[in-house]
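Data block for run.txt (compact mmCIF, C-alpha atoms):
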```txt
# COMPACT_ATOMS: atom_id res chain seq x y z
CA MET A 2 90.42 8.11 -67.74
CA LYS A 3 88.57 5.47 -65.82
CA ALA A 4 91.33 5.22 -63.24
CA LYS A 5 91.28 9.01 -62.87
CA ILE A 6 87.54 9.03 -62.17
CA THR A 7 87.90 6.20 -59.68
CA SER A 8 90.76 7.86 -57.84
CA SER A 9 88.93 11.19 -57.73
CA LEU A 10 85.78 9.43 -56.37
CA ILE A 11 87.85 7.74 -53.67
CA GLY A 12 89.45 11.09 -52.93
CA ILE A 13 86.02 12.77 -52.56
CA ILE A 14 84.72 10.02 -50.31
CA LEU A 15 87.85 10.17 -48.15
CA THR A 16 87.60 13.96 -47.95
CA ILE A 17 83.95 13.73 -46.91
CA LEU A 18 84.76 11.09 -44.32
CA VAL A 19 87.74 12.96 -42.89
CA SER A 20 85.98 16.31 -42.93
CA GLY A 21 82.92 14.69 -41.37
CA TRP A 22 85.09 13.08 -38.74
CA ILE A 23 86.88 16.31 -37.83
CA ILE A 24 84.38 19.09 -38.55
CA GLU A 25 81.14 17.41 -37.41
CA PRO A 26 82.07 17.08 -33.72
CA ILE A 27 83.16 20.71 -33.65
CA ILE A 28 79.80 21.80 -35.06
CA VAL A 29 77.86 19.51 -32.77
CA SER A 30 79.81 20.52 -29.63
CA ALA A 31 79.37 24.17 -30.53
CA SER A 32 75.63 23.76 -30.97
CA ALA A 33 75.23 21.56 -27.86
CA GLY A 34 77.12 24.00 -25.61
CA GLY A 35 80.25 21.93 -25.33
CA ASN A 36 78.58 18.59 -24.56
CA ASP A 37 80.26 15.66 -26.23
CA SER A 38 77.61 13.85 -28.12
CA GLN A 39 77.62 10.60 -30.06
CA GLY A 40 74.99 11.76 -32.55
CA GLY A 41 75.36 12.80 -36.17
CA PHE A 42 77.69 11.42 -38.77
CA ARG A 43 80.49 10.43 -36.41
CA GLY A 44 78.03 8.74 -34.14
CA ILE A 45 76.56 6.72 -36.99
CA VAL A 46 79.99 5.64 -38.13
CA LEU A 47 81.06 4.73 -34.61
CA ARG A 48 77.86 2.78 -34.01
CA VAL A 49 78.23 0.88 -37.28
CA VAL A 50 81.88 0.12 -36.57
CA GLY A 51 81.05 -0.77 -32.97
CA SER A 52 78.29 -3.18 -33.95
CA ILE A 53 80.52 -4.84 -36.56
CA ASP A 54 83.25 -5.10 -33.95
CA ASN A 55 80.81 -6.59 -31.44
CA TRP A 56 79.52 -9.05 -34.00
CA LEU A 57 83.03 -10.18 -34.87
CA ARG A 58 84.00 -10.43 -31.20
CA GLY A 59 80.82 -12.41 -30.63
CA LEU A 60 81.85 -14.83 -33.31
CA ILE A 61 85.39 -15.20 -32.04
CA TYR A 62 84.70 -15.23 -28.29
CA TYR A 63 81.35 -17.08 -28.49
CA LYS A 64 82.18 -19.66 -25.82
CA GLU A 65 83.62 -17.14 -23.36
CA ILE A 66 80.61 -14.89 -23.78
CA GLN A 67 78.25 -17.79 -23.22
CA GLU A 68 80.06 -18.73 -20.00
CA GLU A 69 80.06 -15.12 -18.88
CA ASN A 70 76.35 -14.91 -19.63
CA ASN A 71 75.64 -18.01 -17.56
CA THR A 72 77.66 -16.59 -14.66
CA LEU A 73 75.78 -13.29 -14.89
CA VAL A 74 72.39 -15.02 -15.00
CA PHE A 75 73.36 -16.97 -11.87
CA GLN A 76 74.58 -13.81 -10.15
CA ASN A 77 71.38 -12.01 -11.14
CA ARG A 78 69.26 -14.74 -9.57
CA ALA A 79 71.35 -14.66 -6.40
CA LEU A 80 70.98 -10.89 -6.21
CA ARG A 81 67.23 -11.16 -6.74
CA SER A 82 66.92 -13.58 -3.82
CA LEU A 83 69.03 -11.20 -1.71
CA LEU A 84 66.70 -8.39 -2.74
CA ILE A 85 63.73 -10.37 -1.39
CA ASP A 86 65.61 -10.79 1.90
CA TYR A 87 66.34 -7.07 2.00
CA SER A 88 62.73 -6.14 1.32
CA ASN A 89 61.61 -8.52 4.11
CA LEU A 90 64.16 -6.95 6.44
CA LYS A 91 62.94 -3.49 5.46
CA ALA A 92 59.33 -4.43 6.23
CA GLU A 93 60.39 -5.91 9.58
CA ASN A 94 62.44 -2.80 10.33
CA ASP A 95 59.43 -0.58 9.61
CA LEU A 96 57.27 -2.70 11.91
CA LEU A 97 59.83 -2.55 14.69
CA ARG A 98 60.23 1.20 14.32
CA LYS A 99 56.47 1.47 14.75
CA ALA A 100 56.51 -0.88 17.72
CA LEU A 101 59.37 0.93 19.40
CA ASN A 102 57.37 4.12 19.55
CA ILE A 103 57.57 4.05 23.34
CA HIS A 104 58.93 7.15 25.03
CA LYS A 105 62.38 6.57 26.46
CA SER A 106 61.61 8.87 29.35
CA GLU A 107 59.13 6.31 30.68
CA GLY A 108 61.95 3.85 31.23
CA VAL A 109 60.13 0.88 29.77
CA ASN A 110 62.23 -2.20 29.05
CA PHE A 111 60.94 -4.82 26.71
CA ILE A 112 61.83 -8.01 24.85
CA LEU A 113 60.82 -8.70 21.28
CA ALA A 114 59.10 -12.07 20.88
CA ASN A 115 57.72 -14.08 17.97
CA VAL A 116 54.28 -15.68 18.17
CA ILE A 117 54.88 -19.42 17.69
CA GLY A 118 51.46 -20.89 18.45
CA ARG A 119 47.83 -19.96 18.94
CA SER A 120 45.26 -21.81 21.02
CA PRO A 121 43.39 -24.13 18.63
CA LEU A 122 40.17 -24.40 20.64
CA ASN A 123 37.29 -22.03 21.30
CA PHE A 124 37.70 -21.85 25.06
CA SER A 125 40.83 -19.85 25.67
CA GLN A 126 42.20 -16.86 23.80
CA THR A 127 45.89 -17.57 24.34
CA PHE A 128 49.04 -17.72 22.27
CA VAL A 129 52.60 -18.92 22.75
CA ILE A 130 55.70 -16.74 22.30
CA ASP A 131 59.34 -17.79 21.88
CA VAL A 132 60.80 -16.07 24.95
CA GLY A 133 60.81 -17.51 28.45
CA GLU A 134 62.53 -17.66 31.80
CA GLU A 135 65.99 -17.49 30.25
CA ASP A 136 65.09 -14.17 28.58
CA GLY A 137 63.82 -12.62 31.80
CA VAL A 138 60.11 -13.16 31.27
CA LYS A 139 58.01 -13.50 34.43
CA LEU A 140 54.41 -14.27 35.25
CA GLY A 141 51.97 -11.37 34.92
CA GLN A 142 54.14 -9.19 32.67
CA ALA A 143 52.33 -7.08 30.09
CA VAL A 144 52.53 -7.89 26.39
CA VAL A 145 52.17 -4.97 23.99
CA TRP A 146 52.48 -4.12 20.31
CA GLY A 147 52.13 -1.12 18.01
CA GLY A 148 53.60 1.42 20.42
CA LYS A 149 51.83 1.06 23.75
CA THR A 150 48.81 -1.05 22.90
CA LEU A 151 48.10 -3.84 25.37
CA VAL A 152 47.74 -7.30 23.82
CA GLY A 153 47.68 -9.50 26.91
CA GLU A 154 49.55 -10.81 29.94
CA ILE A 155 51.97 -13.66 30.58
CA ILE A 156 50.20 -16.54 32.34
CA ASP A 157 52.74 -19.33 31.99
CA VAL A 158 56.53 -19.19 31.71
CA ARG A 159 58.77 -22.03 30.61
CA LYS A 160 62.48 -22.15 29.81
CA ASN A 161 62.30 -20.78 26.27
CA ALA A 162 58.61 -20.11 25.75
CA SER A 163 55.69 -18.41 27.46
CA THR A 164 51.92 -18.44 27.16
CA VAL A 165 50.12 -15.13 26.78
CA ARG A 166 46.48 -14.59 27.72
CA ALA A 167 44.92 -12.11 25.30
CA ILE A 168 42.73 -9.27 26.56
CA THR A 169 39.70 -10.98 24.97
CA ASP A 170 40.10 -14.16 27.06
CA SER A 171 37.22 -14.67 29.48
CA GLU A 172 39.72 -14.93 32.36
CA PHE A 173 41.47 -11.61 31.60
CA LYS A 174 40.91 -8.74 34.02
CA ALA A 175 42.56 -5.31 34.33
CA ALA A 176 41.93 -1.99 36.05
CA VAL A 177 41.37 0.71 33.43
CA PHE A 178 40.52 4.37 32.92
CA ILE A 179 37.92 5.49 30.40
CA GLY A 180 38.45 8.73 28.48
CA GLU A 181 39.92 12.04 29.52
CA HIS A 182 37.88 12.13 32.73
CA ARG A 183 39.63 8.98 33.89
CA ILE A 184 36.50 7.06 34.84
CA GLU A 185 37.62 3.93 36.65
CA ALA A 186 36.45 0.54 35.39
CA LEU A 187 37.30 -3.14 35.40
CA LEU A 188 38.04 -4.63 31.99
CA ARG A 189 36.88 -8.23 31.56
CA GLY A 190 37.51 -10.37 28.51
CA ASN A 191 34.47 -11.99 26.94
CA GLY A 192 35.75 -14.66 24.58
CA PHE A 193 34.74 -14.06 20.99
CA LEU A 194 32.40 -11.26 22.09
CA PRO A 195 33.60 -7.67 22.75
CA PRO A 196 35.32 -7.18 26.14
CA LEU A 197 33.24 -5.61 28.91
CA LEU A 198 33.94 -2.58 31.09
CA ASP A 199 32.45 -3.36 34.47
CA LEU A 200 31.87 -1.51 37.76
CA VAL A 201 31.11 1.88 36.19
CA PRO A 202 28.35 3.59 38.23
CA ARG A 203 25.21 4.83 36.40
CA GLU A 204 25.99 8.45 37.31
CA GLU A 205 29.18 8.51 35.24
CA GLU A 206 28.90 9.83 31.69
CA VAL A 207 30.71 7.56 29.26
CA SER A 208 30.65 8.47 25.56
CA LEU A 209 31.18 6.29 22.54
CA ASN A 210 34.69 6.08 21.05
CA GLU A 211 36.32 7.17 24.31
CA GLN A 212 39.74 5.65 24.78
CA VAL A 213 40.30 2.89 27.31
CA TYR A 214 43.74 2.53 28.87
CA THR A 215 45.30 0.85 31.89
CA SER A 216 45.13 2.76 35.16
CA GLY A 217 47.93 0.93 36.94
CA LEU A 218 45.75 0.70 40.06
CA ASP A 219 45.82 -3.09 40.02
CA ASN A 220 49.62 -3.19 40.33
CA LYS A 221 49.57 -5.42 37.29
CA PHE A 222 50.22 -3.17 34.31
CA ILE A 223 51.90 0.22 34.04
CA ARG A 224 49.58 3.20 33.62
CA GLY A 225 48.69 4.39 30.13
CA LEU A 226 48.73 1.23 28.03
CA TYR A 227 46.10 1.78 25.35
CA ILE A 228 43.57 -1.05 25.02
CA GLY A 229 40.75 0.10 22.73
CA ASP A 230 37.68 2.33 22.39
CA VAL A 231 34.21 2.27 23.91
CA SER A 232 31.77 0.80 21.39
CA GLU A 233 28.49 0.44 23.30
CA VAL A 234 27.03 2.04 26.44
CA ASN A 235 23.85 0.80 28.14
CA LYS A 236 22.23 1.89 31.39
CA PRO A 237 19.74 -0.85 32.24
CA GLU A 238 16.93 0.05 34.63
CA GLY A 239 17.34 -1.16 38.20
CA LYS A 240 21.06 -1.91 37.82
CA VAL A 241 23.81 -0.21 39.80
CA PHE A 242 26.45 -0.38 37.10
CA GLN A 243 26.44 0.43 33.39
CA GLN A 244 26.93 -2.19 30.69
CA ILE A 245 29.78 -0.97 28.53
CA LYS A 246 31.41 -2.82 25.67
CA MET A 247 34.66 -1.92 23.96
CA THR A 248 36.47 -2.74 20.74
CA PRO A 249 40.10 -3.83 21.20
CA ALA A 250 42.63 -1.74 19.30
CA LEU A 251 44.53 -4.83 18.14
CA ASP A 252 43.39 -8.21 16.91
CA TRP A 253 45.79 -10.64 18.58
CA THR A 254 45.02 -13.38 16.05
CA THR A 255 46.78 -11.41 13.33
CA LEU A 256 49.98 -10.65 15.27
CA TYR A 257 53.25 -12.41 14.53
CA GLN A 258 55.48 -10.43 16.89
CA VAL A 259 54.89 -8.82 20.27
CA LEU A 260 56.85 -6.97 22.95
CA VAL A 261 57.00 -8.15 26.56
CA ILE A 262 57.40 -5.32 29.08
CA THR A 263 59.87 -6.62 31.64
CA ASN A 264 59.69 -3.89 34.29
CA MET B 16 52.92 -59.47 6.60
CA LYS B 17 49.52 -58.80 8.10
CA ILE B 18 51.08 -57.15 11.15
CA ALA B 19 53.26 -54.96 8.98
CA LYS B 20 50.20 -53.85 7.01
CA GLN B 21 48.37 -53.07 10.25
CA ILE B 22 51.30 -51.05 11.58
CA PHE B 23 51.45 -49.17 8.28
CA THR B 24 47.72 -48.36 8.52
CA ILE B 25 48.15 -47.11 12.09
CA ILE B 26 51.09 -44.89 11.11
CA ILE B 27 49.14 -43.45 8.18
CA PHE B 28 46.13 -42.73 10.41
CA VAL B 29 48.25 -41.07 13.14
CA LEU B 30 50.00 -38.96 10.49
CA PHE B 31 46.59 -37.99 9.08
CA ILE B 32 45.41 -36.85 12.53
CA CYS B 33 48.69 -34.93 13.02
CA LEU B 34 48.11 -33.22 9.69
CA LEU B 35 44.56 -32.29 10.77
CA ALA B 36 45.92 -30.89 14.06
CA LEU B 37 48.52 -28.84 12.18
CA LEU B 38 45.84 -27.54 9.81
CA GLN B 39 43.75 -26.62 12.86
CA ILE B 40 46.49 -24.57 14.55
CA THR B 41 47.56 -22.85 11.33
CA ILE B 42 44.73 -22.28 8.86
CA VAL B 43 41.43 -23.16 10.58
CA ASN B 44 42.44 -21.13 13.63
CA ARG B 45 42.41 -17.95 11.56
CA TYR B 46 39.04 -18.45 9.90
CA PRO B 47 36.26 -18.95 12.46
CA ILE B 48 32.83 -19.78 11.05
CA GLY B 49 30.06 -17.87 12.82
CA GLY B 50 32.60 -16.84 15.46
CA VAL B 51 33.46 -20.48 16.17
CA LYS B 52 36.45 -22.58 15.20
CA LEU B 53 36.03 -26.09 13.82
CA ASN B 54 37.70 -28.94 15.70
CA LEU B 55 39.39 -30.86 12.89
CA VAL B 56 40.98 -33.52 15.12
CA LEU B 57 37.62 -34.30 16.72
CA ILE B 58 36.04 -34.52 13.26
CA GLY B 59 38.78 -36.87 12.05
CA LEU B 60 38.47 -39.12 15.10
CA VAL B 61 34.67 -39.28 15.14
CA ALA B 62 34.52 -40.00 11.40
CA ASN B 63 36.62 -43.13 12.06
CA LEU B 64 34.65 -44.32 15.07
CA PHE B 65 33.32 -47.42 13.30
CA ASN B 66 36.87 -48.51 12.49
CA PRO B 67 37.49 -51.96 14.04
CA HIS B 68 40.98 -50.94 15.24
CA PHE B 69 40.04 -48.80 18.25
CA GLU B 70 43.66 -48.63 19.46
CA MET B 71 44.48 -46.81 16.23
CA ILE B 72 41.89 -44.11 16.99
CA ILE B 73 43.21 -43.76 20.54
CA LEU B 74 46.74 -43.30 19.20
CA GLY B 75 45.39 -40.63 16.82
CA ALA B 76 43.67 -38.94 19.78
CA ILE B 77 46.95 -38.91 21.72
CA ALA B 78 48.85 -37.38 18.78
CA GLY B 79 46.17 -34.77 18.00
CA GLY B 80 45.59 -33.96 21.67
CA LEU B 81 49.30 -33.44 22.30
CA ILE B 82 49.63 -31.07 19.34
CA TYR B 83 46.60 -29.11 20.61
CA ASP B 84 48.06 -28.93 24.11
CA PHE B 85 51.51 -27.87 22.99
CA SER B 86 50.08 -24.98 21.00
CA GLY B 87 47.54 -24.00 23.64
CA LEU B 88 47.58 -23.92 27.41
CA PHE B 89 50.10 -26.78 27.79
CA ASN B 90 47.95 -28.52 30.40
CA PHE B 91 47.15 -31.80 28.58
CA ILE B 92 43.42 -31.32 29.01
CA SER B 93 42.75 -31.76 25.28
CA LEU B 94 44.54 -35.11 25.29
CA PHE B 95 42.49 -36.58 28.15
CA SER B 96 39.25 -35.01 26.87
CA PHE B 97 39.74 -36.67 23.48
CA ILE B 98 40.44 -40.07 25.04
CA LEU B 99 37.49 -39.89 27.44
CA MET B 100 35.16 -38.72 24.69
CA LEU B 101 36.23 -41.54 22.35
CA VAL B 102 35.91 -44.25 25.00
CA LEU B 103 32.40 -43.07 25.93
CA LEU B 104 31.28 -42.79 22.31
CA ARG B 105 32.70 -46.20 21.50
CA LEU B 106 30.96 -47.84 24.45
CA TRP B 107 27.72 -46.11 23.55
CA SER B 108 27.92 -47.12 19.90
CA LYS B 109 28.77 -50.74 20.81
CA LYS B 110 25.99 -51.08 23.34
CA TYR B 111 23.08 -49.48 21.57
CA LEU B 112 23.76 -49.48 17.84
CA VAL B 113 22.72 -52.57 15.98
CA LYS B 114 23.66 -51.49 12.49
CA LYS B 115 26.28 -49.15 11.16
CA ASN B 116 24.75 -46.12 9.46
CA ILE B 117 26.80 -43.32 7.99
CA LEU B 118 24.28 -40.68 9.10
CA ILE B 119 24.87 -41.67 12.73
CA ILE B 120 28.33 -40.13 12.36
CA PHE B 121 26.59 -36.73 12.32
CA VAL B 122 24.97 -37.50 15.69
CA PHE B 123 28.33 -38.72 16.96
CA GLY B 124 29.82 -35.41 15.84
CA LEU B 125 27.23 -33.49 17.87
CA VAL B 126 27.53 -35.69 20.95
CA GLY B 127 31.31 -35.91 20.62
CA THR B 128 31.61 -32.10 20.63
CA VAL B 129 29.45 -31.84 23.77
CA LEU B 130 31.41 -34.58 25.53
CA PHE B 131 34.81 -33.16 24.57
CA ASN B 132 33.83 -29.64 25.64
CA PHE B 133 32.28 -30.97 28.86
CA PHE B 134 35.44 -32.84 29.89
CA TYR B 135 37.61 -29.91 28.83
CA VAL B 136 35.60 -27.41 30.89
CA LEU B 137 35.40 -29.74 33.88
CA MET B 138 39.11 -30.57 33.98
CA GLY B 139 40.05 -26.94 33.33
CA TYR B 140 37.93 -25.86 36.27
CA PHE B 141 38.97 -28.53 38.77
CA PHE B 142 42.67 -28.78 37.98
CA PHE B 143 43.63 -25.35 36.65
CA HIS B 144 40.88 -23.02 37.98
CA GLU B 145 40.03 -21.88 34.46
CA ASN B 146 36.45 -20.79 33.96
CA PHE B 147 35.30 -21.91 30.52
CA PHE B 148 31.66 -22.32 31.51
CA PRO B 149 30.44 -19.13 29.72
CA TYR B 150 31.42 -20.66 26.38
CA PHE B 151 30.03 -24.08 27.27
CA LEU B 152 26.65 -22.55 28.12
CA SER B 153 26.56 -20.14 25.17
CA SER B 154 24.88 -20.55 21.80
CA LYS B 155 28.33 -20.62 20.22
CA GLN B 156 28.69 -24.21 21.34
CA LEU B 157 25.56 -25.16 19.39
CA ILE B 158 27.18 -23.75 16.25
CA GLU B 159 30.35 -25.69 17.01
CA MET B 160 28.33 -28.89 17.48
CA LEU B 161 26.64 -28.45 14.11
CA LEU B 162 29.92 -27.63 12.37
CA ASN B 163 31.74 -30.62 13.88
CA GLY B 164 28.81 -32.95 13.17
CA GLY B 165 28.62 -31.80 9.56
CA GLY B 166 32.39 -32.06 9.21
CA ALA B 167 32.43 -35.62 10.59
CA LEU B 168 29.66 -36.63 8.18
CA ILE B 169 31.54 -35.15 5.20
CA PHE B 170 34.76 -36.90 6.28
CA ALA B 171 32.93 -40.22 6.70
CA LEU B 172 31.25 -39.85 3.29
CA ILE B 173 34.59 -39.15 1.62
CA GLY B 174 36.12 -42.17 3.38
CA GLU B 175 33.19 -44.40 2.43
CA GLY B 176 33.32 -43.26 -1.21
CA PHE B 177 37.04 -43.92 -1.32
CA SER B 178 36.70 -47.44 0.14
CA GLN B 179 33.87 -48.21 -2.32
CA LEU B 180 36.14 -47.16 -5.18
CA VAL B 181 38.94 -49.38 -3.86
CA ARG B 182 36.54 -52.33 -3.62
CA LEU B 183 35.33 -51.70 -7.18
CA PHE B 184 38.89 -51.71 -8.51
CA LYS B 185 39.74 -54.86 -6.57
CA LYS B 186 36.70 -56.71 -8.05
CA LYS B 187 37.75 -55.73 -11.58
```
Would you give me this structure, written as structure tokens?
Amino acid sequence: MKAKITSSLIGIILTILVSGWIIEPIIVSASAGGNDSQGGFRGIVLRVVGSIDNWLRGLIYYKEIQEENNTLVFQNRALRSLLIDYSNLKAENDLLRKALNIHKSEGVNFILANVIGRSPLNFSQTFVIDVGEEDGVKLGQAVVWGGKTLVGEIIDVRKNASTVRAITDSEFKAAVFIGEHRIEALLRGNGFLPPLLDLVPREEEVSLNEQVYTSGLDNKFIRGLYIGDVSEVNKPEGKVFQQIKMTPALDWTTLYQVLVITN
Amino acid sequence: MKIAKQIFTIIIFVLFICLLALLQITIVNRYPIGGVKLNLVLIGLVANLFNPHFEMIILGAIAGGLIYDFSGLFNFISLFSFILMLVLLRLWSKKYLVKKNILIIFVFGLVGTVLFNFFYVLMGYFFFHENFFPYFLSSKQLIEMLLNGGGALIFALIGEGFSQLVRLFKKK
């Protein structure tokens, strides 16, 4: 009697298991629109069996798994360091894309240079770049960044390095136009103070925030290099020229790369 | 043994000045105070002006001046300005000062800045046609003088405190 009950119980359990195994996926796939899912009874069984299998494999192949884990951790670290390199490259690429925003039609050739030194004293506003004579750099060439924004001019060229005088240096001078009316002026650097726009007659009307850009009349820089905006206009009594100050568009002390215009 | 110790002290001092010069062209350069940059090498040299080994200070001036010149206009004006300034200050301090006083370092900082800037401007004008007079005659230089003087005093105080501590430990 007892054996009969036991065998019938086993039979019921087996029937439930088999029917669950076969019928359940059909029901689930029908209800899920044909998607094969690992949910429900079959899923539970598979997960339980899978975890037992994993546990047993873990026990048997413990050493191999540990070695594999170590290798993966090492690979992960290597990939992370590569990722940092890639993100740095991406940032540099974005910067260069921004810097290369010079129209091709203007036929401007340039060399990319890294800033490798800045003048440590208060007198001169100069910095050193890592391109020189061997790269085709010559005295007086314009140095720009951020599209067509003038940063300075080359004042000293050596074999593999050059010195750039920033537009704020007290020795820097350039012929410029102010605003849409193209009012001619002479830009003069003023050290730590804002650069000055000189030789503008009193009769000329200069407004605040007007753009200042190179005129090309000094045969030094090409026309249209943006320099900054007018920040202060004064017309002192008894003076022939106005006193105009401007704010440079770029702060050269924060730059790490620049472009040297070679033609 | 004594010579070896002296050479070691000189090397340490020159390395210290080189470190100051490197700090100047990297960090200090980017953070002007009141629109003016400190001159760390000048501060380091002036703070050690009472050191009996004058040749050590001159060597420091050569190292610091060269680093300044290589990262600036490459005209070696800083180097000669440092040397001239130190020689003048040393002569002045030897001739007129009877007793060493730590507060005098502040005055040396002020005078040292004026002398250094004066020689720099003069040599720049005569040899390289650079006009640095606007800065030399501006109020910015007064700020630089005060900053360098204060810096030299702080450096000297730190040095004095350190040597006092060493003496205290040696007595014990």
Shell of 10 Å around Val29 in chain B, all atoms listed in the file, local chain residues under 5 positions omitted, as number ranges by chain: B: 23-24, 34-35, 71-79
Residues of range 111-214 of chain A that have any atom at most 10 Å from an atom of range 219-229 of chain A: could you tabulate them with the shortest-distance atom pair and the distance in Å to one decimal, using all atoms listed in the file, ordered by chain and increasing number, as CSV?
```
residue,atom,partner,partner_atom,distance
A:Gly141,CA,A:Lys221,CA,6.8
A:Gln142,CA,A:Phe222,CA,7.4
A:Ala143,CA,A:Phe222,CA,6.1
A:Val144,CA,A:Phe222,CA,9.5
A:Val145,CA,A:Leu226,CA,8.2
A:Gly147,CA,A:Tyr227,CA,9.9
A:Gly148,CA,A:Tyr227,CA,9.0
A:Lys149,CA,A:Leu226,CA,5.3
A:Thr150,CA,A:Tyr227,CA,4.6
A:Leu151,CA,A:Ile228,CA,5.3
A:Val152,CA,A:Ile228,CA,7.6
A:Gly153,CA,A:Ile228,CA,9.6
A:Glu154,CA,A:Phe222,CA,8.8
A:Ile168,CA,A:Ile228,CA,8.4
A:Lys174,CA,A:Asp219,CA,9.6
A:Ala175,CA,A:Asp219,CA,6.9
A:Ala176,CA,A:Asp219,CA,5.7
A:Val177,CA,A:Arg224,CA,8.6
A:Phe178,CA,A:Gly225,CA,8.6
A:Ile179,CA,A:Gly229,CA,9.8
A:Leu187,CA,A:Asp219,CA,9.7
A:Leu188,CA,A:Ile228,CA,9.6
A:Pro196,CA,A:Gly229,CA,9.7
A:Asn210,CA,A:Gly229,CA,8.7
A:Glu211,CA,A:Gly229,CA,8.5
A:Gln212,CA,A:Gly229,CA,6.0
A:Val213,CA,A:Gly229,CA,5.4
A:Tyr214,CA,A:Tyr227,CA,4.3
```
Mind dumping a table of every range 59-154 of chain A residue within 10 Å of range 49-55 of chain B, with the nearest atom pair and its distance in Å to one decimal, using only C-alpha atoms, sorted by chain and rising number, as a Markdown table?
```
| residue | atom | partner | partner_atom | distance |
| --- | --- | --- | --- | --- |
| A:Pro121 | CA | B:Lys52 | CA | 7.9 |
| A:Leu122 | CA | B:Lys52 | CA | 6.8 |
| A:Asn123 | CA | B:Lys52 | CA | 6.2 |
| A:Phe124 | CA | B:Val51 | CA | 9.9 |
```
At most 8 Å to chain A: residues in chain B, all atoms listed in the file, as JSON, numbers by chain: {"B": [39, 40, 44, 45, 50, 51, 52, 54, 83, 86, 87, 88, 145, 146, 147, 150]}
Long-range neighbours of Gly133 in chain A as a ChimeraX atom specification, 7 Å cut-off, all atoms listed in the file, 2 positions minimum in chain: /A:131,135-138,158-163
Point-to-point distance in Å for CA of Ser154 in chain B and CA of Leu60 in chain B: 24.0 Å
Two-atom distance - CA of Val201 in chain A, CA of Gln244 in chain A (Å): 8.0 Å
For Leu137 in chain B, the nearest of the candidates B:Ile92, B:Ile120, B:Leu161, B:Leu37, counting all atoms listed in the file: B:Ile92
Closest of B:Ile48, B:Leu168, B:Met138, B:Ile25 to Pro67 in chain B - atom-to-atom distances counting only C-alpha atoms: B:Ile25
